[in-house]
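Student: Hey, dropping coords00.cif in here, mmCIF, C-alpha atoms and all ligand atoms:
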data_entry
loop_
_atom_site.group_PDB
_atom_site.id
_atom_site.type_symbol
_atom_site.label_atom_id
_atom_site.label_comp_id
_atom_site.auth_asym_id
_atom_site.auth_seq_id
_atom_site.Cartn_x
_atom_site.Cartn_y
_atom_site.Cartn_z
ATOM 1 C CA MET A 1 -12.176 -22.542 -25.054
ATOM 2 C CA ARG A 2 -15.336 -20.559 -24.402
ATOM 3 C CA ARG A 3 -16.892 -23.601 -22.683
ATOM 4 C CA ARG A 4 -13.846 -23.956 -20.421
ATOM 5 C CA ARG A 5 -13.979 -20.271 -19.532
ATOM 6 C CA THR A 6 -17.686 -20.488 -18.690
ATOM 7 C CA GLY A 7 -16.927 -23.568 -16.589
ATOM 8 C CA GLY A 8 -14.312 -21.628 -14.597
ATOM 9 C CA VAL A 9 -16.737 -18.792 -13.910
ATOM 10 C CA ARG A 10 -19.432 -21.288 -12.887
ATOM 11 C CA TRP A 11 -17.108 -23.040 -10.393
ATOM 12 C CA GLY A 12 -16.000 -19.676 -9.095
ATOM 13 C CA THR A 13 -19.612 -18.636 -8.550
ATOM 14 C CA ILE A 14 -20.417 -21.895 -6.749
ATOM 15 C CA ALA A 15 -17.353 -21.473 -4.490
ATOM 16 C CA CYS A 16 -18.454 -17.924 -3.659
ATOM 17 C CA LEU A 17 -22.019 -19.005 -2.912
ATOM 18 C CA LEU A 18 -20.730 -21.710 -0.538
ATOM 19 C CA LEU A 19 -18.516 -19.127 1.143
ATOM 20 C CA THR A 20 -21.481 -16.779 1.511
ATOM 21 C CA ALA A 21 -23.467 -19.552 3.172
ATOM 22 C CA GLY A 22 -20.509 -20.087 5.524
ATOM 23 C CA ILE A 23 -20.277 -16.401 6.441
ATOM 24 C CA THR A 24 -24.044 -16.115 6.884
ATOM 25 C CA ALA A 25 -23.857 -18.862 9.483
ATOM 26 C CA VAL A 26 -21.552 -16.665 11.588
ATOM 27 C CA GLU A 27 -23.788 -14.605 13.862
ATOM 28 C CA PRO A 28 -22.630 -11.189 15.013
ATOM 29 C CA ALA A 29 -21.800 -11.022 18.735
ATOM 30 C CA ALA A 30 -24.615 -9.826 20.995
ATOM 31 C CA ALA A 31 -24.664 -6.027 20.913
ATOM 32 C CA GLN A 32 -24.748 -3.728 23.946
ATOM 33 C CA SER A 33 -27.495 -1.472 22.583
ATOM 34 C CA VAL A 34 -30.182 -1.231 19.913
ATOM 35 C CA ASN A 35 -28.039 1.226 17.951
ATOM 36 C CA LYS A 36 -24.996 -1.045 18.022
ATOM 37 C CA ARG A 37 -27.101 -4.014 16.924
ATOM 38 C CA LEU A 38 -28.578 -2.117 13.987
ATOM 39 C CA ILE A 39 -25.183 -0.850 12.808
ATOM 40 C CA ASP A 40 -23.495 -4.238 13.282
ATOM 41 C CA SER A 41 -26.218 -6.039 11.366
ATOM 42 C CA LEU A 42 -25.936 -3.565 8.467
ATOM 43 C CA ASN A 43 -22.162 -4.076 8.412
ATOM 44 C CA TYR A 44 -22.654 -7.845 8.288
ATOM 45 C CA GLN A 45 -25.279 -7.625 5.537
ATOM 46 C CA LEU A 46 -22.984 -5.484 3.402
ATOM 47 C CA ALA A 47 -20.067 -7.841 4.099
ATOM 48 C CA TYR A 48 -22.181 -10.827 2.975
ATOM 49 C CA VAL A 49 -22.617 -9.106 -0.379
ATOM 50 C CA ALA A 50 -19.207 -7.507 -0.766
ATOM 51 C CA LEU A 51 -16.997 -10.429 0.237
ATOM 52 C CA PRO A 52 -18.266 -13.042 -2.272
ATOM 53 C CA LEU A 53 -18.284 -10.422 -5.034
ATOM 54 C CA THR A 54 -14.686 -9.468 -4.287
ATOM 55 C CA LEU A 55 -13.713 -13.138 -4.278
ATOM 56 C CA LEU A 56 -15.545 -13.787 -7.543
ATOM 57 C CA VAL A 57 -13.779 -10.894 -9.276
ATOM 58 C CA GLU A 58 -10.382 -11.926 -7.870
ATOM 59 C CA LEU A 59 -10.941 -15.567 -8.897
ATOM 60 C CA ILE A 60 -11.827 -14.557 -12.453
ATOM 61 C CA LEU A 61 -8.777 -12.287 -12.540
ATOM 62 C CA VAL A 62 -6.396 -14.991 -11.304
ATOM 63 C CA TYR A 63 -7.994 -17.534 -13.668
ATOM 64 C CA ALA A 64 -7.571 -15.183 -16.651
ATOM 65 C CA VAL A 65 -3.955 -14.418 -15.779
ATOM 66 C CA PHE A 66 -3.000 -18.109 -15.595
ATOM 67 C CA ARG A 67 -5.246 -19.392 -18.353
ATOM 68 C CA PHE A 68 -4.061 -16.901 -20.969
ATOM 69 C CA ARG A 69 -0.511 -16.280 -19.773
ATOM 70 C CA ASN A 70 1.047 -17.633 -22.987
ATOM 71 C CA ASN A 71 -1.470 -16.124 -25.370
ATOM 72 C CA ASP A 72 0.349 -13.900 -27.845
ATOM 73 C CA ASP A 73 -2.800 -12.893 -29.675
ATOM 74 C CA PRO A 74 -5.541 -12.094 -27.110
ATOM 75 C CA GLN A 75 -9.015 -11.502 -28.516
ATOM 76 C CA PRO A 76 -11.532 -9.279 -26.745
ATOM 77 C CA THR A 77 -14.859 -10.860 -25.808
ATOM 78 C CA ALA A 78 -17.326 -10.411 -28.649
ATOM 79 C CA GLU A 79 -20.764 -8.925 -27.982
ATOM 80 C CA ASP A 80 -22.695 -11.211 -25.678
ATOM 81 C CA LYS A 81 -26.234 -9.968 -25.036
ATOM 82 C CA PRO A 82 -27.303 -12.568 -22.412
ATOM 83 C CA LEU A 83 -24.095 -11.917 -20.451
ATOM 84 C CA GLU A 84 -24.620 -8.142 -20.566
ATOM 85 C CA ILE A 85 -28.262 -8.433 -19.480
ATOM 86 C CA THR A 86 -27.221 -10.796 -16.655
ATOM 87 C CA TRP A 87 -24.601 -8.501 -15.180
ATOM 88 C CA THR A 88 -26.811 -5.429 -15.539
ATOM 89 C CA ILE A 89 -29.658 -7.119 -13.654
ATOM 90 C CA ALA A 90 -27.284 -8.640 -11.066
ATOM 91 C CA THR A 91 -25.699 -5.224 -10.404
ATOM 92 C CA ALA A 92 -29.135 -3.597 -10.105
ATOM 93 C CA ILE A 93 -30.242 -6.243 -7.590
ATOM 94 C CA ILE A 94 -27.079 -5.790 -5.506
ATOM 95 C CA LEU A 95 -27.372 -1.975 -5.519
ATOM 96 C CA LEU A 96 -31.052 -2.215 -4.616
ATOM 97 C CA PHE A 97 -30.222 -4.539 -1.719
ATOM 98 C CA VAL A 98 -27.479 -2.204 -0.430
ATOM 99 C CA GLY A 99 -29.778 0.826 -0.807
ATOM 100 C CA VAL A 100 -32.743 -0.773 0.965
ATOM 101 C CA ALA A 101 -30.570 -2.215 3.777
ATOM 102 C CA ALA A 102 -28.883 1.155 4.427
ATOM 103 C CA PHE A 103 -32.146 3.114 4.137
ATOM 104 C CA THR A 104 -33.895 0.820 6.627
ATOM 105 C CA VAL A 105 -31.173 1.397 9.227
ATOM 106 C CA LEU A 106 -30.808 5.136 8.543
ATOM 107 C CA THR A 107 -34.519 5.791 8.959
ATOM 108 C CA ASN A 108 -34.777 3.742 12.153
ATOM 109 C CA PRO A 109 -35.901 6.028 15.019
ATOM 110 C CA TYR A 110 -32.892 4.975 17.091
ATOM 111 C CA ILE A 111 -30.448 5.983 14.365
ATOM 112 C CA THR A 112 -32.234 9.149 13.207
ATOM 113 C CA PRO A 113 -34.196 10.158 16.287
ATOM 114 C CA THR A 114 -37.049 12.609 16.329
ATOM 115 C CA GLN A 115 -38.476 14.555 19.230
ATOM 116 C CA PRO A 116 -40.016 12.134 21.780
ATOM 117 C CA ARG A 117 -43.780 12.597 21.881
ATOM 118 C CA SER A 118 -44.004 12.527 25.659
ATOM 119 C CA ALA A 119 -40.986 14.699 26.370
ATOM 120 C CA GLY A 120 -41.104 18.389 25.608
ATOM 121 C CA THR A 121 -38.443 20.870 26.565
ATOM 122 C CA GLY A 122 -37.427 21.917 30.050
ATOM 123 C CA GLY A 123 -39.864 21.108 32.842
ATOM 124 C CA GLY A 124 -42.323 19.432 30.502
ATOM 125 C CA ALA A 125 -39.908 16.615 29.958
ATOM 126 C CA GLY A 126 -39.327 16.304 33.667
ATOM 127 C CA GLY A 127 -42.563 14.701 34.722
ATOM 128 C CA SER A 128 -42.535 12.101 32.042
ATOM 129 C CA SER A 129 -38.887 11.318 32.421
ATOM 130 C CA LEU A 130 -39.001 10.867 36.170
ATOM 131 C CA GLY A 131 -42.282 9.062 35.804
ATOM 132 C CA GLY A 132 -40.506 6.753 33.417
ATOM 133 C CA ALA A 133 -37.657 6.327 35.802
ATOM 134 C CA SER A 134 -39.909 5.323 38.652
ATOM 135 C CA GLY A 135 -42.403 3.432 36.506
ATOM 136 C CA SER A 136 -43.350 -0.175 36.907
ATOM 137 C CA GLY A 137 -40.842 -1.350 34.356
ATOM 138 C CA ALA A 138 -43.456 -1.976 31.712
ATOM 139 C CA GLY A 139 -41.830 -2.268 28.349
ATOM 140 C CA MET A 140 -38.876 -4.173 29.742
ATOM 141 C CA GLY A 141 -37.977 -6.896 27.326
ATOM 142 C CA VAL A 142 -39.917 -5.269 24.499
ATOM 143 C CA ALA A 143 -36.817 -5.100 22.421
ATOM 144 C CA ASP A 144 -37.040 -2.188 20.009
ATOM 145 C CA ALA A 145 -40.414 -0.631 20.618
ATOM 146 C CA ALA A 146 -39.920 3.112 21.015
ATOM 147 C CA ASN A 147 -41.878 3.191 24.243
ATOM 148 C CA THR A 148 -41.793 6.938 24.802
ATOM 149 C CA SER A 149 -44.170 6.894 27.791
ATOM 150 C CA ASN A 150 -41.535 5.048 29.838
ATOM 151 C CA ALA A 151 -38.640 6.880 28.291
ATOM 152 C CA VAL A 152 -35.971 8.633 30.310
ATOM 153 C CA THR A 153 -34.732 12.012 29.114
ATOM 154 C CA VAL A 154 -31.386 13.490 30.092
ATOM 155 C CA HIS A 155 -30.577 17.110 29.282
ATOM 156 C CA THR A 156 -26.953 17.472 28.317
ATOM 157 C CA LEU A 157 -24.825 20.578 28.126
ATOM 158 C CA ALA A 158 -21.470 20.243 26.392
ATOM 159 C CA TYR A 159 -18.904 22.893 27.224
ATOM 160 C CA GLN A 160 -15.172 23.527 26.959
ATOM 161 C CA TRP A 161 -14.257 20.944 28.269
ATOM 162 C CA GLY A 162 -16.748 18.693 29.894
ATOM 163 C CA TRP A 163 -20.250 17.289 29.962
ATOM 164 C CA GLN A 164 -23.072 18.297 32.266
ATOM 165 C CA PHE A 165 -26.026 15.954 32.603
ATOM 166 C CA GLN A 166 -29.270 17.136 34.141
ATOM 167 C CA TYR A 167 -32.157 14.835 34.974
ATOM 168 C CA PRO A 168 -35.333 16.858 34.335
ATOM 169 C CA GLY A 169 -37.960 16.887 37.077
ATOM 170 C CA THR A 170 -35.250 16.302 39.690
ATOM 171 C CA ASN A 171 -32.518 18.439 41.224
ATOM 172 C CA VAL A 172 -29.887 15.977 39.990
ATOM 173 C CA THR A 173 -27.018 17.247 37.877
ATOM 174 C CA THR A 174 -23.799 15.373 37.220
ATOM 175 C CA HIS A 175 -20.542 16.219 35.490
ATOM 176 C CA ASP A 176 -18.734 13.741 33.248
ATOM 177 C CA ASP A 177 -20.845 10.935 34.722
ATOM 178 C CA LEU A 178 -23.854 9.872 32.680
ATOM 179 C CA VAL A 179 -26.001 7.357 34.536
ATOM 180 C CA LEU A 180 -28.698 5.499 32.591
ATOM 181 C CA PRO A 181 -31.133 2.673 33.255
ATOM 182 C CA ALA A 182 -30.844 -0.498 31.166
ATOM 183 C CA HIS A 183 -33.705 -1.782 28.977
ATOM 184 C CA THR A 184 -35.302 1.659 28.834
ATOM 185 C CA ASP A 185 -35.747 4.087 25.978
ATOM 186 C CA ILE A 186 -33.300 6.931 26.533
ATOM 187 C CA TYR A 187 -33.365 10.369 24.957
ATOM 188 C CA ILE A 188 -30.189 12.396 25.472
ATOM 189 C CA ARG A 189 -31.098 15.951 24.465
ATOM 190 C CA MET A 190 -27.934 17.907 23.882
ATOM 191 C CA THR A 191 -26.864 21.479 23.340
ATOM 192 C CA SER A 192 -23.567 23.299 23.581
ATOM 193 C CA ALA A 193 -22.577 26.276 25.728
ATOM 194 C CA ASP A 194 -19.843 27.390 23.355
ATOM 195 C CA VAL A 195 -18.496 25.593 20.274
ATOM 196 C CA ILE A 196 -19.416 22.434 18.354
ATOM 197 C CA HIS A 197 -18.810 19.214 20.283
ATOM 198 C CA SER A 198 -19.835 15.630 19.555
ATOM 199 C CA LEU A 199 -20.739 12.831 21.924
ATOM 200 C CA PHE A 200 -19.387 9.436 20.932
ATOM 201 C CA ILE A 201 -19.950 6.265 22.959
ATOM 202 C CA PRO A 202 -18.347 3.623 20.710
ATOM 203 C CA GLN A 203 -19.509 0.535 22.605
ATOM 204 C CA LEU A 204 -23.128 1.699 22.407
ATOM 205 C CA GLY A 205 -22.893 2.677 18.741
ATOM 206 C CA VAL A 206 -23.979 6.267 19.347
ATOM 207 C CA LYS A 207 -22.379 9.412 17.983
ATOM 208 C CA GLN A 208 -24.022 12.795 17.602
ATOM 209 C CA ASP A 209 -22.788 16.340 17.061
ATOM 210 C CA VAL A 210 -23.705 18.977 19.631
ATOM 211 C CA PHE A 211 -24.264 22.578 18.490
ATOM 212 C CA PRO A 212 -24.721 25.872 20.339
ATOM 213 C CA LYS A 213 -28.297 27.241 20.207
ATOM 214 C CA ARG A 214 -29.595 23.960 18.791
ATOM 215 C CA THR A 215 -30.812 20.713 20.300
ATOM 216 C CA THR A 216 -29.722 17.370 18.931
ATOM 217 C CA ILE A 217 -30.919 14.037 20.244
ATOM 218 C CA ILE A 218 -29.436 10.618 20.878
ATOM 219 C CA HIS A 219 -32.051 7.883 21.162
ATOM 220 C CA THR A 220 -30.904 4.564 22.530
ATOM 221 C CA ARG A 221 -31.812 1.544 24.569
ATOM 222 C CA VAL A 222 -29.003 -0.314 26.313
ATOM 223 C CA TYR A 223 -29.198 -4.061 26.881
ATOM 224 C CA LYS A 224 -26.053 -4.602 28.914
ATOM 225 C CA THR A 225 -25.352 -2.962 32.237
ATOM 226 C CA GLY A 226 -21.804 -1.790 32.835
ATOM 227 C CA THR A 227 -19.479 1.170 32.529
ATOM 228 C CA TYR A 228 -18.749 2.577 29.107
ATOM 229 C CA ARG A 229 -16.654 5.512 27.981
ATOM 230 C CA GLY A 230 -17.865 8.563 26.112
ATOM 231 C CA TYR A 231 -15.646 10.959 24.214
ATOM 232 C CA CYS A 232 -15.950 14.303 22.513
ATOM 233 C CA THR A 233 -15.184 13.507 18.906
ATOM 234 C CA GLU A 234 -15.227 17.022 17.469
ATOM 235 C CA PHE A 235 -12.012 18.993 17.928
ATOM 236 C CA CYS A 236 -13.132 21.776 20.262
ATOM 237 C CA GLY A 237 -9.996 23.462 21.564
ATOM 238 C CA SER A 238 -6.901 22.786 23.650
ATOM 239 C CA GLY A 239 -8.774 20.692 26.245
ATOM 240 C CA HIS A 240 -10.528 18.493 23.679
ATOM 241 C CA ALA A 241 -8.479 15.396 24.540
ATOM 242 C CA ARG A 242 -9.668 15.418 28.159
ATOM 243 C CA MET A 243 -13.342 15.939 27.282
ATOM 244 C CA ARG A 244 -14.474 12.482 28.305
ATOM 245 C CA THR A 245 -17.357 11.104 30.299
ATOM 246 C CA LYS A 246 -18.119 7.945 32.167
ATOM 247 C CA VAL A 247 -21.357 6.236 31.066
ATOM 248 C CA ARG A 248 -22.812 3.959 33.732
ATOM 249 C CA VAL A 249 -25.719 1.738 32.758
ATOM 250 C CA LEU A 250 -27.505 0.352 35.825
ATOM 251 C CA PRO A 251 -30.369 -2.083 36.252
ATOM 252 C CA LYS A 252 -33.661 -0.110 36.457
ATOM 253 C CA LYS A 253 -34.074 -0.577 40.205
ATOM 254 C CA GLN A 254 -30.519 0.471 40.962
ATOM 255 C CA TYR A 255 -30.923 3.503 38.689
ATOM 256 C CA ARG A 256 -34.020 4.647 40.560
ATOM 257 C CA GLN A 257 -32.142 4.187 43.844
ATOM 258 C CA TRP A 258 -29.195 6.216 42.528
ATOM 259 C CA LEU A 259 -31.527 9.022 41.392
ATOM 260 C CA ARG A 260 -33.253 9.115 44.818
ATOM 261 C CA ASN A 261 -29.968 9.133 46.774
ATOM 262 C CA LYS A 262 -28.422 11.763 44.550
ATOM 263 C CA SER A 263 -31.558 13.916 44.834
ATOM 264 C CA LYS A 264 -31.570 13.675 48.663
ATOM 265 C CA LYS A 265 -27.872 14.498 48.838
ATOM 266 C CA THR A 266 -28.293 17.575 46.617
ATOM 267 C CA ALA A 267 -31.313 18.724 48.653
ATOM 268 C CA SER A 268 -29.418 18.430 51.960
ATOM 269 C CA THR A 269 -26.365 20.246 50.515
ATOM 270 C CA ASN A 270 -28.627 23.055 49.252
ATOM 271 C CA GLY A 271 -30.475 23.098 52.587
ATOM 272 C CA SER A 272 -27.331 23.502 54.685
ATOM 273 C CA ALA A 273 -26.013 26.183 52.308
ATOM 274 C CA ALA A 274 -29.288 28.106 52.708
ATOM 275 C CA THR A 275 -29.109 27.799 56.517
ATOM 276 C CA ARG A 276 -25.521 29.083 56.466
ATOM 277 C CA ASN A 277 -26.532 32.070 54.335
ATOM 278 C CA ALA A 278 -29.511 32.850 56.624
ATOM 279 C CA SER A 279 -27.379 32.729 59.786
ATOM 280 C CA ALA A 280 -24.694 34.894 58.137
ATOM 281 C CA LYS A 281 -27.395 37.472 57.271
ATOM 282 C CA THR A 282 -28.811 37.392 60.841
ATOM 283 C CA ALA A 283 -25.314 37.796 62.307
ATOM 284 C CA GLY A 284 -24.627 40.649 59.919
HETATM 285 CU CU CU A 301 -15.676 18.956 22.712
#
Please, can you express the file's structure as structure tokens?

Tutor:
Amino acid sequence: MRRRRTGGVRWGTIACLLLTAGITAVEPAAAQSVNKRLIDSLNYQLAYVALPLTLLVELILVYAVFRFRNNDDPQPTAEDKPLEITWTIATAIILLFVGVAAFTVLTNPYITPTQPRSAGTGGGAGGSSLGGASGSGAGMGVADAANTSNAVTVHTLAYQWGWQFQYPGTNVTTHDDLVLPAHTDIYIRMTSADVIHSLFIPQLGVKQDVFPKRTTIIHTRVYKTGTYRGYCTEFCGSGHARMRTKVRVLPKKQYRQWLRNKSKKTASTNGSAATRNASAKTAG
């Protein structure tokens, strides 16, 4: 009987291994950003481990139910040292794999960002960020390298109930419209004017709380141009549901063009307002 039981477990294990090989062959769909790719790949790795294990346990359970359904005198398994050592080691290996896989993703600079070396606070960040925006495009195609010298920084102010984005080193400020260049390292430095908010852009795999009197950072690099949606995902009052933002990812050249046009437009608006004020004063 023992031999038959061992045989069942062996066939179950083989079936699960074949299934694992099948799942491993399925590649995750191309991700829109570095962050999304990292999170997706961790999910897949954990699924590769969890799914066969679940199946193995379920198979053994179903086997035991059918095999011993008419057994009026069930006997517990006697002490089996090799079996105990095997499952202890197997469990340790699985836990180690899960721990290492999760740790690798959690400590990745895109998932747990630190202060960019080239971008300080306020005006300091401006030069480097605009420089990055109008740079030669070096670093394009270098997939995950945290190329901070070409990085673009956007200062973000969350408030009840909207998002203000300011592009340091320029006079450009937008509301509920975050414009970013593709294939560029992006640092979104965020703070709140009032209560706790949280910026969540699901398709880019980024989510970060925003606190008053503190700066938190999102670090990303987007591969696919397009329009995404950002939400506040921390309940922040009666207008929370409408605290959304558009996220437009443009090709580098188009982004630089947008920044220039926006800057010119703001300058001319400010210029005409100043002229109006001056003439009002003269008239007065
Ligand atoms: Cu909010």

Student: From the set A:Lys213, A:Ser238, A:Lys262, A:Ser272, which residue has the shortest atom-to-atom contact distance to ligand CU 301 (chain A), counting only C-alpha atoms and all ligand atoms?

Tutor: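 Going through A:Lys213, A:Ser238, A:Lys262, A:Ser272 one by one, the smallest distance to ligand CU 301 (chain A) is for A:Ser238.
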
Student: Please find the residues contacting ligand CU 301 (chain A) at a distance of at most 9 Å between atoms, with all atoms listed in the file counted, and report them as a PyMOL selection string.

Tutor: chain A and resi 158-163+195-199+210+231-237+239-244

Student: Could you tell me, as a ChimeraX atom specification, exactly which residues end up selected when the PyMOL selection byres (((chain A and resi 36-41) around 10) and not hetatm) is applied to this structure?

Tutor: /A:27-35,42-47,101-102,104-106,108,110-111,202-206,220-222

Student: With C-alpha atoms kept, could you save the residues just selected as a PDB file, in the frame of the given file?

Tutor:
ATOM      1  CA  GLU A  27     -23.788 -14.605  13.862  1.00  0.00           C
ATOM      2  CA  PRO A  28     -22.630 -11.189  15.013  1.00  0.00           C
ATOM      3  CA  ALA A  29     -21.800 -11.022  18.735  1.00  0.00           C
ATOM      4  CA  ALA A  30     -24.615  -9.826  20.995  1.00  0.00           C
ATOM      5  CA  ALA A  31     -24.664  -6.027  20.913  1.00  0.00           C
ATOM      6  CA  GLN A  32     -24.748  -3.728  23.946  1.00  0.00           C
ATOM      7  CA  SER A  33     -27.495  -1.472  22.583  1.00  0.00           C
ATOM      8  CA  VAL A  34     -30.182  -1.231  19.913  1.00  0.00           C
ATOM      9  CA  ASN A  35     -28.039   1.226  17.951  1.00  0.00           C
ATOM     10  CA  LEU A  42     -25.936  -3.565   8.467  1.00  0.00           C
ATOM     11  CA  ASN A  43     -22.162  -4.076   8.412  1.00  0.00           C
ATOM     12  CA  TYR A  44     -22.654  -7.845   8.288  1.00  0.00           C
ATOM     13  CA  GLN A  45     -25.279  -7.625   5.537  1.00  0.00           C
ATOM     14  CA  LEU A  46     -22.984  -5.484   3.402  1.00  0.00           C
ATOM     15  CA  ALA A  47     -20.067  -7.841   4.099  1.00  0.00           C
ATOM     16  CA  ALA A 101     -30.570  -2.215   3.777  1.00  0.00           C
ATOM     17  CA  ALA A 102     -28.883   1.155   4.427  1.00  0.00           C
ATOM     18  CA  THR A 104     -33.895   0.820   6.627  1.00  0.00           C
ATOM     19  CA  VAL A 105     -31.173   1.397   9.227  1.00  0.00           C
ATOM     20  CA  LEU A 106     -30.808   5.136   8.543  1.00  0.00           C
ATOM     21  CA  ASN A 108     -34.777   3.742  12.153  1.00  0.00           C
ATOM     22  CA  TYR A 110     -32.892   4.975  17.091  1.00  0.00           C
ATOM     23  CA  ILE A 111     -30.448   5.983  14.365  1.00  0.00           C
ATOM     24  CA  PRO A 202     -18.347   3.623  20.710  1.00  0.00           C
ATOM     25  CA  GLN A 203     -19.509   0.535  22.605  1.00  0.00           C
ATOM     26  CA  LEU A 204     -23.128   1.699  22.407  1.00  0.00           C
ATOM     27  CA  GLY A 205     -22.893   2.677  18.741  1.00  0.00           C
ATOM     28  CA  VAL A 206     -23.979   6.267  19.347  1.00  0.00           C
ATOM     29  CA  THR A 220     -30.904   4.564  22.530  1.00  0.00           C
ATOM     30  CA  ARG A 221     -31.812   1.544  24.569  1.00  0.00           C
ATOM     31  CA  VAL A 222     -29.003  -0.314  26.313  1.00  0.00           C
TER      32      VAL A 222
END

Student: If you measure from atom CA of A:Thr91 to atom CA of A:Thr107, what distance in Å do you get, rounded to one decimal?

Tutor: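 Separation of atom CA of A:Thr91 and atom CA of A:Thr107: 24.0 Å.
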
Student: Contacts of stretch 172-174 of chain A at 8 Å or less, counting all atoms listed in the file, minus same-chain residues fewer than 3 places along, as JSON, numbers by chain?

Tutor: {"A": [164, 165, 166, 167, 168, 177, 178, 259, 262, 263, 266]}
